[in-house]
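Q: Have a look at this one before I ask anything.
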Amino acid sequence: MRSVEMFSGAGGLAIGMGNAGFQHEALLEWNKHACNTLRENKSREFHHATHWRVVEGDVRAFDFAKEVTGHINIVAGGPPCQPFSMGGKAQGHMDARDMFPSAIHAVSELRPEAFIFENVKGLLRAGFASYLEYVILRLSYPELVKEEDETVEDHLSRLERAHTGNTYEGLAYRPVFRLLNAADYGVPQKRERVFIIGFRSDLHEEWSFPKPTHSQDALLWAKWVTGEYWDEHKMARADRPQLDTKMKRRIDKLKDRYGLLIGPDTLRWRTIRDALVGLPSPVEGEDYWASHQIMNHEFRGGAIAYPGHTGSEIDEPSKTIKAGDHGVPGGENMIRFYDGSVRYLTVRESARIQTFPDDYFITGSWGEAMRQLGNAVPVLLAQTVAESVRQQLERGHFRMKVA
């Protein structure tokens with residue numbers, strides 16, 4: 001199936017969608033460092049990347065009608081999230097970096113069967129409720145564009161009238177949105193992101209978000225009831241952490257809920273330790289490409305823990321990998337060990353936590369590479385959502401052929 005992706009960044013969504021069976025006809029991205037990463041992996045003949053057409057520049061200047069030929073099944077992307085980020089100025093549609101209008105324009109121009117858009121949790125803040133409604137209605141009726149002399153509020157009112165009436169006959173979609181935690185889908189990271197999925201209304205597709213496959217309960221069970229987590233990592237009992245009183249009460253409640261012989265019916269959350277299996281611990285000055293053929297695994301010193309900057313526990317999913325201010329990530333990008341020591345994650349370790357494959361190279365300095373990863377969609381989460389959408393589209397194509 002053919003796709004176009006906007007705001008591609010380092011390629012997490014692109015790889016996940018490629019794994020799900022989509023072939024991107026164009027990857028649009030303005031950041032030169034991210035474009036370097038996309039092009040570098042294309043030149044290295046990374047799987048899926050060999051077909052990528054990387055377009056560097058302002059997406060608002062891209063002529064979809066001229067540059068994209070043939071039918072496009074899906075439009076995807078992560079519109080820049082700074083207008084909605086908890087750590088940003090949170091100006092929403094007043095922020096010039098808000099790229100939802102460009103995403104909606106692409107849908108209007110390409111008329112895909114479906115779209116997948118991803119954004120930060122901050123989009124769901126109460127202060128953005130009316131703007132989220134506006135975005136959803138704009139995606140529902142992408143041809144009802146805002147007129148030059150029309151305010152956002154007046155445009156929203158016009159969209160609401162179209163939505164509640166029965167006279168609109170143009171291009172329409174049926175979008176839904178949900179906050180997903182990447183850890184619930186096998187990503188070793190507690191990363192909450194909003195996904196907006198829409199199917200073209202004339203297809204009459206019924207779809208819902210894929211159910212979570214992993215859970216915190218199952219991780220706790222594997223650690224403190226069966227012990228299989230520690231056994232899997234060959235950790236002696238003396239090296240395992242001790243349960244505190246609060247956690248003991250929680251484990252007792254788990255036993256009461258599931259019964260000793262049953263346990264949770266999901267897979268367990270994956271941890272940093274799970275993600276790093278097979279990677280040697282980095283040592284300052286060692287060349288891991290020369291010795292182990294491992295890319296992006298250079299040691300980074302200077303990690304210090306202090307309140308609010310404590311790192312991620314090695315036997316838990318990582319905290320959200322973040323881009324950081326000016327490309328300098330914070331405490332979320334450190335591992336914390338049981339002796340209280342911390343160290344920064346290498347680029348390769350962060351890529352593993354974001355479920356990028358080991359043969360995918362992230363270009364740039366440590367800070368720039370971490371910024372790219374902090375902005376990326378986890379590959380496995382992208383793949384899970386995209387596979388569900390593709391399967392629904394394929395079922396629809398089959399029904400059309402039979403009819």
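Lettering and numbering for the structure tokens are positional, with chains as A, B, ... in the shown order, residues counted from 1 in each chain, and ligands counted from 1 in the shown order.
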Which residues, written as an MDAnalysis selection string, have at least one atom at most 6 Å from Tyr185 of chain A, with only C-alpha atoms counted and residues fewer than 6 positions away on the same chain left out?

A: chainID A and resid 212:214

Q: Can you tell me which residues surround Lys234 of chain A at a distance of at most 12 Å, considering only C-alpha atoms, apart from same-chain residues fewer than 6 positions away, and format the answer as a short mmCIF file (atom, residue, chain, number, x, y, z; two decimals) with N, CA and C atoms, in the first residue's frame?

A:
data_model
loop_
_atom_site.label_atom_id
_atom_site.label_comp_id
_atom_site.auth_asym_id
_atom_site.auth_seq_id
_atom_site.Cartn_x
_atom_site.Cartn_y
_atom_site.Cartn_z
N GLY A 227 9.01 -14.70 39.89
CA GLY A 227 10.45 -14.47 39.85
C GLY A 227 11.07 -14.71 38.48
N GLU A 228 10.24 -14.98 37.47
CA GLU A 228 10.79 -15.36 36.16
C GLU A 228 11.55 -14.20 35.49
N ARG A 240 19.05 -8.96 43.66
CA ARG A 240 17.73 -8.43 43.36
C ARG A 240 17.32 -7.39 44.40
N ARG A 273 16.45 -3.03 31.07
CA ARG A 273 17.33 -4.20 31.05
C ARG A 273 16.97 -5.12 29.89
N VAL A 277 19.64 -6.04 26.33
CA VAL A 277 20.23 -7.39 26.25
C VAL A 277 21.11 -7.49 25.00
#

Q: Determine which residues of segment 73-317 of chain A receive a DSSP assignment of strand (DSSP E or B), computed from the backbone, and state them as a PyMOL selection string.

A: chain A and resi 74-77+114-120+173-181+189+192-200+214-215+267-268+306+309+312-313

Q: For the residues in that selection, give me C-alpha atoms as a PDB file, in the first residue's frame.

A:
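Result went into result05.pdb, see below:
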ATOM      1  CA  ILE A  74      -2.715   6.646   3.634  1.00  0.00           C
ATOM      2  CA  VAL A  75      -1.250   9.941   4.833  1.00  0.00           C
ATOM      3  CA  ALA A  76       0.703   9.847   8.082  1.00  0.00           C
ATOM      4  CA  GLY A  77       2.884  12.011  10.266  1.00  0.00           C
ATOM      5  CA  ALA A 114      -7.112   6.757   5.826  1.00  0.00           C
ATOM      6  CA  PHE A 115      -4.711   8.867   7.857  1.00  0.00           C
ATOM      7  CA  ILE A 116      -2.558   8.358  10.962  1.00  0.00           C
ATOM      8  CA  PHE A 117      -1.407  11.394  12.957  1.00  0.00           C
ATOM      9  CA  GLU A 118       0.507  11.353  16.247  1.00  0.00           C
ATOM     10  CA  ASN A 119       1.018  14.092  18.822  1.00  0.00           C
ATOM     11  CA  VAL A 120       1.936  14.694  22.445  1.00  0.00           C
ATOM     12  CA  TYR A 173     -13.543  11.287   7.135  1.00  0.00           C
ATOM     13  CA  ARG A 174     -14.528   9.672  10.408  1.00  0.00           C
ATOM     14  CA  PRO A 175     -11.642  10.288  12.817  1.00  0.00           C
ATOM     15  CA  VAL A 176     -11.167   8.913  16.315  1.00  0.00           C
ATOM     16  CA  PHE A 177      -8.395   9.665  18.796  1.00  0.00           C
ATOM     17  CA  ARG A 178      -6.949   7.964  21.840  1.00  0.00           C
ATOM     18  CA  LEU A 179      -4.062   8.401  24.255  1.00  0.00           C
ATOM     19  CA  LEU A 180      -1.777   5.364  23.973  1.00  0.00           C
ATOM     20  CA  ASN A 181       1.033   4.347  26.326  1.00  0.00           C
ATOM     21  CA  GLN A 189       9.322   3.062  27.659  1.00  0.00           C
ATOM     22  CA  GLU A 192       2.077   8.550  26.217  1.00  0.00           C
ATOM     23  CA  ARG A 193       1.065   9.912  22.830  1.00  0.00           C
ATOM     24  CA  VAL A 194      -2.206  10.884  21.153  1.00  0.00           C
ATOM     25  CA  PHE A 195      -3.027   9.075  17.916  1.00  0.00           C
ATOM     26  CA  ILE A 196      -5.680  10.412  15.555  1.00  0.00           C
ATOM     27  CA  ILE A 197      -6.888   7.836  13.023  1.00  0.00           C
ATOM     28  CA  GLY A 198      -9.466   8.491  10.343  1.00  0.00           C
ATOM     29  CA  PHE A 199     -11.049   6.482   7.518  1.00  0.00           C
ATOM     30  CA  ARG A 200     -12.732   8.072   4.526  1.00  0.00           C
ATOM     31  CA  HIS A 214       1.536  -5.715  27.714  1.00  0.00           C
ATOM     32  CA  SER A 215       0.867  -4.526  31.262  1.00  0.00           C
ATOM     33  CA  LEU A 267       2.694  -9.999  28.338  1.00  0.00           C
ATOM     34  CA  ARG A 268       4.762  -8.007  30.824  1.00  0.00           C
ATOM     35  CA  TYR A 306      19.547  15.531  41.614  1.00  0.00           C
ATOM     36  CA  HIS A 309      16.702  14.693  37.397  1.00  0.00           C
ATOM     37  CA  SER A 312      15.130   5.781  34.764  1.00  0.00           C
ATOM     38  CA  GLU A 313      15.346   2.604  36.843  1.00  0.00           C
TER      39      GLU A 313
END

Q: What's the 8 Å shell around Leu27 of chain A, counting only C-alpha atoms, without same-chain residues fewer than 3 positions away, as a ChimeraX atom specification?

A: /A:4-8,24,52-55

Q: Neighbours of segment 338-342 of chain A within 12 Å (only C-alpha atoms; same-chain residues fewer than 5 positions away dropped), as a list in words?

A: Asp239, Arg240, Pro241, Gln242, Arg300, Gly301, Gly302, Ala303, Ile304, Ala305, Tyr306, His309, Thr310, Gly311, Ser312, Glu313, Ile314, Asp315, Gly331, Glu332 and Asn333 of chain A

Q: Of the candidates A:Met1, A:Thr355, A:Gly170, A:Arg348, which one gets nearest to Gln383 of chain A if we count only C-alpha atoms?

A: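 Among A:Met1, A:Thr355, A:Gly170, A:Arg348, it is A:Thr355 that comes nearest to Gln383 of chain A.
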
Q: Mind giving me the straight-line distance from atom CA of Tyr168 of chain A to atom CA of His105 of chain A in Å, one decimal?

A: 18.3 Å

Q: Applying 10 Å and only C-alpha atoms, which residues near Trp269 of chain A remain after dropping the ones on its own chain fewer than 2 positions away? List them as a count of residues only.

A: 24

Q: In Å, with one decimal, what is the gap from atom CA of Thr69 of chain A to atom CA of Arg44 of chain A?

A: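 One can read the atom CA of Thr69 of chain A to atom CA of Arg44 of chain A distance as 26.5 Å.
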
Q: So what do you get for atom CA of Lys223 of chain A versus atom CA of Leu276 of chain A, distance-wise?

A: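 Straight-line distance from atom CA of Lys223 of chain A to atom CA of Leu276 of chain A works out to 17.8 Å.
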